[in-house]
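The next block holds one structure in the form of structure tokens; read it before the comments.
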Amino acid sequence: MSDEDESAPQNDTPDAGQDHGGRADAPGGGQERGDEPGGGGRQDRDGDRPGGAERTDGTTEQPREPNVFATGDLGSPGGDTGGAATARRAVRTWAGADRLTTIHGDGTVFEGNQIFALGGSDRAPHFVQGPVPPETLDHLGRVYCATAGYGRMRDRLRDHRVLVLCGEPGSGRKATALALLAELTDGKVFRLDPRHGVDELTEEVLRENGGHLLELPAEDVGAEDEPHSSRSGRGEHTAAPRRTATRLSELHLDRFGDLLRGRDAYGVVLVENGELADRLLRGRYGMYCAPPPADEVLQRHLWHRLRAESDEALGAARARAAQRDVVDALGLEELRPREAARLADHLARHWRGEVTDERLLAECASFVRSQAREWFAGADRPGALPEALPALNAGAFRIAVAVFNGSAYSLAAEAAELLAWELAVTLDPEHAPGRRLFGTHAEHRPVQARAVLEDGELDLGPAKVPVRAVRFQGEALAGAVLGEIWHGYHNVRGPVARWLRSLCDDPRPEVWVRASIAAGVLCSWDWIHGYRELVVPLAVTDEPVARMAAATALAESARDPRVRPAVAAVLKDWAGSGDDALVRTALLTHGYVLAAGGVPGSLDALARVVRTREATDVEALLPASFSVARLLASGEPEPVLRRLGQWLEDGRPTLANLVHLAVIRALSTRTTHLWGLREVPELDRHAARPLLVALLATRPDLAPDLASLLRRTLTTARSGEAALEALGGLLRKAAKDPESLGHVCAFLPRLAVDRRDRDRLRGLLNELVRDRDRPLDRSAALRMWNAVTEGANR
């Protein structure tokens with residue numbers, strides 16, 4: 001029968017219910033099919049290997065070795081890998097992180113209209129107060145930008161004599177307080193001792209006709225409503241008496257207002273955002289102090305510093321602030337007034353030639369480090385758990401947001417609770433803390449981390465779901481937070497390492513992927529510590545997810561070229577160790593490219609391991625084939641395809657089995673599940689499609705090589721059935737996706753080289769169309785049928 005006789009009429013539609021018999025014009029026709037459609041059934045398909053090398057006689061197939069392709073699940077050997085968007089967002093979080101974090105000293109700083117000090121002091125036995133210098137108020141009058149609601153704040157302060165301003169440090173609340181008090185008292189402003197609560201104030205310490213500023217320390221505000229008691233018995237110690245300021249209520253403010261009214265004076269109390277602020281804002285004294293726009297603050301401070309310069313100085317300084325290198329160095333979406341004032345000073349000195357471009361960028365990069373330093377400096381004071389727990393909770397939340405930046409708030413919040421527990425039991429091993437059920441509200445908690453809640457999307461792999469996501473207001477904050485706690489506080493490393501290991505053992509990809517990439521960043525910062533504390537405990541476990549997490553952490557740490565040789569040495573030792581868990585972890589690591597420095601090196605490493613194993617060693621072939629498929633999706637498919645062809649020509653069954661398994665994975669695995677640690681933007685549109693379809697769509701020039709490999713896999717007896725089943729799954733998906741269907745129909749003629757190929761493909765289409773539970777769409781099947789027939793005319 002000629003090739004032309006094999007063609008089905010153009011108006012002949014594959015029919016799931018019609019008996020086509022053996023007619024050449026039927027889907028899968030051309031010869032008698034027996035009981036199974038598709039070219040003599042499974043027996044003929046499995047016998048299509050050239051030469052029939054695996055048959056011992058003419059009728060009965062006896063494989064020479066156990067069939068490694070019969071393993072039911074060819075999914076990831078490390079469990080669910082999730083979607084590519086999760087890994088991509090995690091990698092981008094650390095892309096700008098400084099791998100050599102520099103720790104600077106701290107001290108008291110005066111910047112623009114802000115006076116602040118890093119660190120703290122012990123409670124003094126006597127009351128200290130002092131006037132705000134006139135020059136400070138004069139300077140404030142020249143540069144201060146009024147916040148929204150300034151007029152209402154002034155009216156409330158005039159009426160009640162007391163005002164509580166709530167906001168974040170650096171938001172301009174202190175400058176606003178000074179401006180209000182200076183306006184109502186003609187510049188007679190005094191700072192009150194922050195180590196004493198409102199209820200400790202007496203009329204004697206208040207100045208006649210003066211304005212009084214009291215800033216409650218953050219740890220006192222956070223400790224509000226926490227349980228506190230002296231301990232005895234086990235771990236006996238007595239905590240310091242609880243600060244009265246932490247119980248601040250309107251009753252105390254009423255008394256304070258009466259005292260001020262008796263002295264014809266005014267008072268402003270500064271409270272950091274949190275539970276206490278939330279409660280006071282619902283009363284008559286509290287008002288939220290929103291920071292003024294950073295651009296206005298920057299403009300005002302630049303004008304003040306450059307007022308004696310030429311006319312173009314101000315415009316040039318503003319233009320320099322908007323340039324990409326400065327914006328990237330800052331790493332913050334919106335500067336706070338304190339930071340805008342600092343930036344104005346740096347820009348003014350740069351205009352005058354006092355600092356170089358390099359120094360300017362270095363100063364800008366220090367902003368996020370200063371924020372992280374302020375967050376964690378002395379966070380466990382005074383060292384007793386009840387008093388330290390609020391600050392530990394805030395610190396844990398900031399670290400959790402660094403790891404889960406841009407991910408679901410629920411994941412970050414739960415991770416923060418786990419880390420807070422680790423920190424607490426490290427501080428006080430005798431007493432495990434509980435969890436508050438109704439603590440800081442979710443709407444207020446992100447403010448503690450300079451973060452925001454927004455609508456987001458979580459990539460689960462097969463689907464994307466909406467979530468309420470939390471993210472820093474600045475990409476550089478994540479690296480600054482992790483760098484501060486890892487480099488600055490050695491005792492924090494233990495609880496953080498235990499926390500990350502527990503997250504890496506979580507079966508949810510949205511959790512373990514984030515944790516493992518963060519662990520890899522920490523390893524690159526301190527290999528000798530991170531490798532032993534983070535990677536090894538994960539690699540030796542029996543849990544597949546933990547091994548995949550260890551592989552991901554190793555690969556991420558190898559992103560640093562200085563650490564890469566150490567990673568390569570570890571993987572070489574593991575590959576030859578004889579420990580199956582370590583061998584599998586090494587194989588999975590090489591799928592990320594980074595450890596070997598390139599795709600060819602990764603393929604060499606995989607081949608070295610596989611060549612030493614048996615051809616039936618599923619424990620090695622499955623992770624190795626997954627890594628090969630991942631390399632195929634890494635953005636450099638050409639060297640992978642060339643190497644797969646060479647392995648087939650090599651003749652060794654182990655390498656051939658590796659190739660066939662990798663090809664089957666390309667047919668059956670969604671591209672999104674084969675994410676790597678490098679950006680491959682051209683595959684993003686095809687994330688939900690099988691890898692083979694994604695490659696055909698983005699690299700049509702690879703179609704001949706892909707077809708050659710797939711045809712070899714289909715015509716090999718031991719892999720043919722599994723490959724044909726995977727191809728059937730791909731055809732089903734393509735039938736529901738017009739774009740994929742077009743790529744598949746253009747590809748099928750390359751698989752239909754000879755009559756046996758066409759019979760095999762037509763038989764598969766017949767089976768899919770006649771499936772009583774899930775029949776293939778007839779119009780799509782006809783297009784595929786005609787594409788197979790087209791192969792006969794080539």
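Ordered as shown in the structure tokens, chains take letters A, B, and onward, while each chain numbers its residues from 1 and ligands are numbered from 1 in the order shown.
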
task = Please identify all polymer residues within 8 Å of segment 500-503 of chain A, counting only C-alpha atoms, omitting same-chain residues fewer than 5 positions from it, and present them as a list in words.
result =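 Near segment 500-503 of chain A, the qualifying residues are Ala415, Val511, Trp512, Ala515, Ser516, Ala519, Leu534, Pro537 and Leu538 of chain A.
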
ask   = Where does DSSP see strand (DSSP E or B) in segment 241-328 of chain A, if you list the residues as a ChimeraX atom specification?
value = /A:266-272,286-288

Write out as JSON lines a residue-level contact list of segment 499-573 of chain A versus segment 626-633 of chain A with cut-off 12 Å: for each qualifying residue the closest pair of atoms and the distance in Å to one decimal, counting only C-alpha atoms, rows sorted by chain and residue number upward.
{"residue": "A:Met548", "atom": "CA", "partner": "A:Ser627", "partner_atom": "CA", "distance": 11.2}
{"residue": "A:Ala551", "atom": "CA", "partner": "A:Ser627", "partner_atom": "CA", "distance": 10.9}
{"residue": "A:Thr552", "atom": "CA", "partner": "A:Ser627", "partner_atom": "CA", "distance": 11.8}

query = A:Leu157, A:Leu214, A:Val492, A:Val91: which is nearest Val271 of chain A, counting only C-alpha atoms?
reply =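 With only C-alpha atoms as the atom set, the closest residue is A:Leu214.
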
query = Taking only C-alpha atoms into account, which of A:Leu692, A:Leu731, A:Ala313, A:Val753 comes nearest Arg712 of chain A?
reply =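 Checking each of A:Leu692, A:Leu731, A:Ala313, A:Val753 against Arg712 of chain A, counting only C-alpha atoms, the winner is A:Val753.
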
ask   = Out of A:Arg559, A:Phe69, A:Arg770, A:Ala396, which residue has the shortest atom-to-atom distance to Ala722 of chain A when counting only C-alpha atoms?
value =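 Closest to Ala722 of chain A, using only C-alpha atoms: A:Phe69.
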
request  = Would you work out the distance separating atom CA of Pro169 of chain A from atom CA of Leu361 of chain A, expressed in Å to one decimal?
outcome  = 23.7 Å

message = Would you pick out the contacts of segment 443-445 of chain A at 8 Å or less, using only C-alpha atoms, so that residues sharing its chain but fewer than 5 positions from it are not included, and give the list as a PyMOL selection string?
response = chain A and resi 273-274+453

Pull N, CA, C and O atoms from the residues just selected and write them as a tab-separated table (two decimals), in the first residue's frame.
chain	number	residue	atom	x	y	z
A	273	ASN	N	3.54	52.87	66.52
A	273	ASN	CA	2.40	52.09	66.04
A	273	ASN	C	2.38	50.71	66.70
A	273	ASN	O	3.41	50.07	66.86
A	274	GLY	N	1.19	50.27	67.05
A	274	GLY	CA	1.03	48.97	67.69
A	274	GLY	C	-0.29	48.92	68.43
A	274	GLY	O	-1.21	49.71	68.18
A	453	LEU	N	0.40	45.26	53.21
A	453	LEU	CA	-0.44	44.17	52.73
A	453	LEU	C	-1.06	44.58	51.41
A	453	LEU	O	-1.50	45.72	51.25

Selected residue of minimal separation from Arg547 of chain A among A:Ala294, A:Cys504, A:Ile664, A:Cys523, counting only C-alpha atoms =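 Looking only at the distances to Arg547 of chain A, the closest residue turns out to be A:Cys504.
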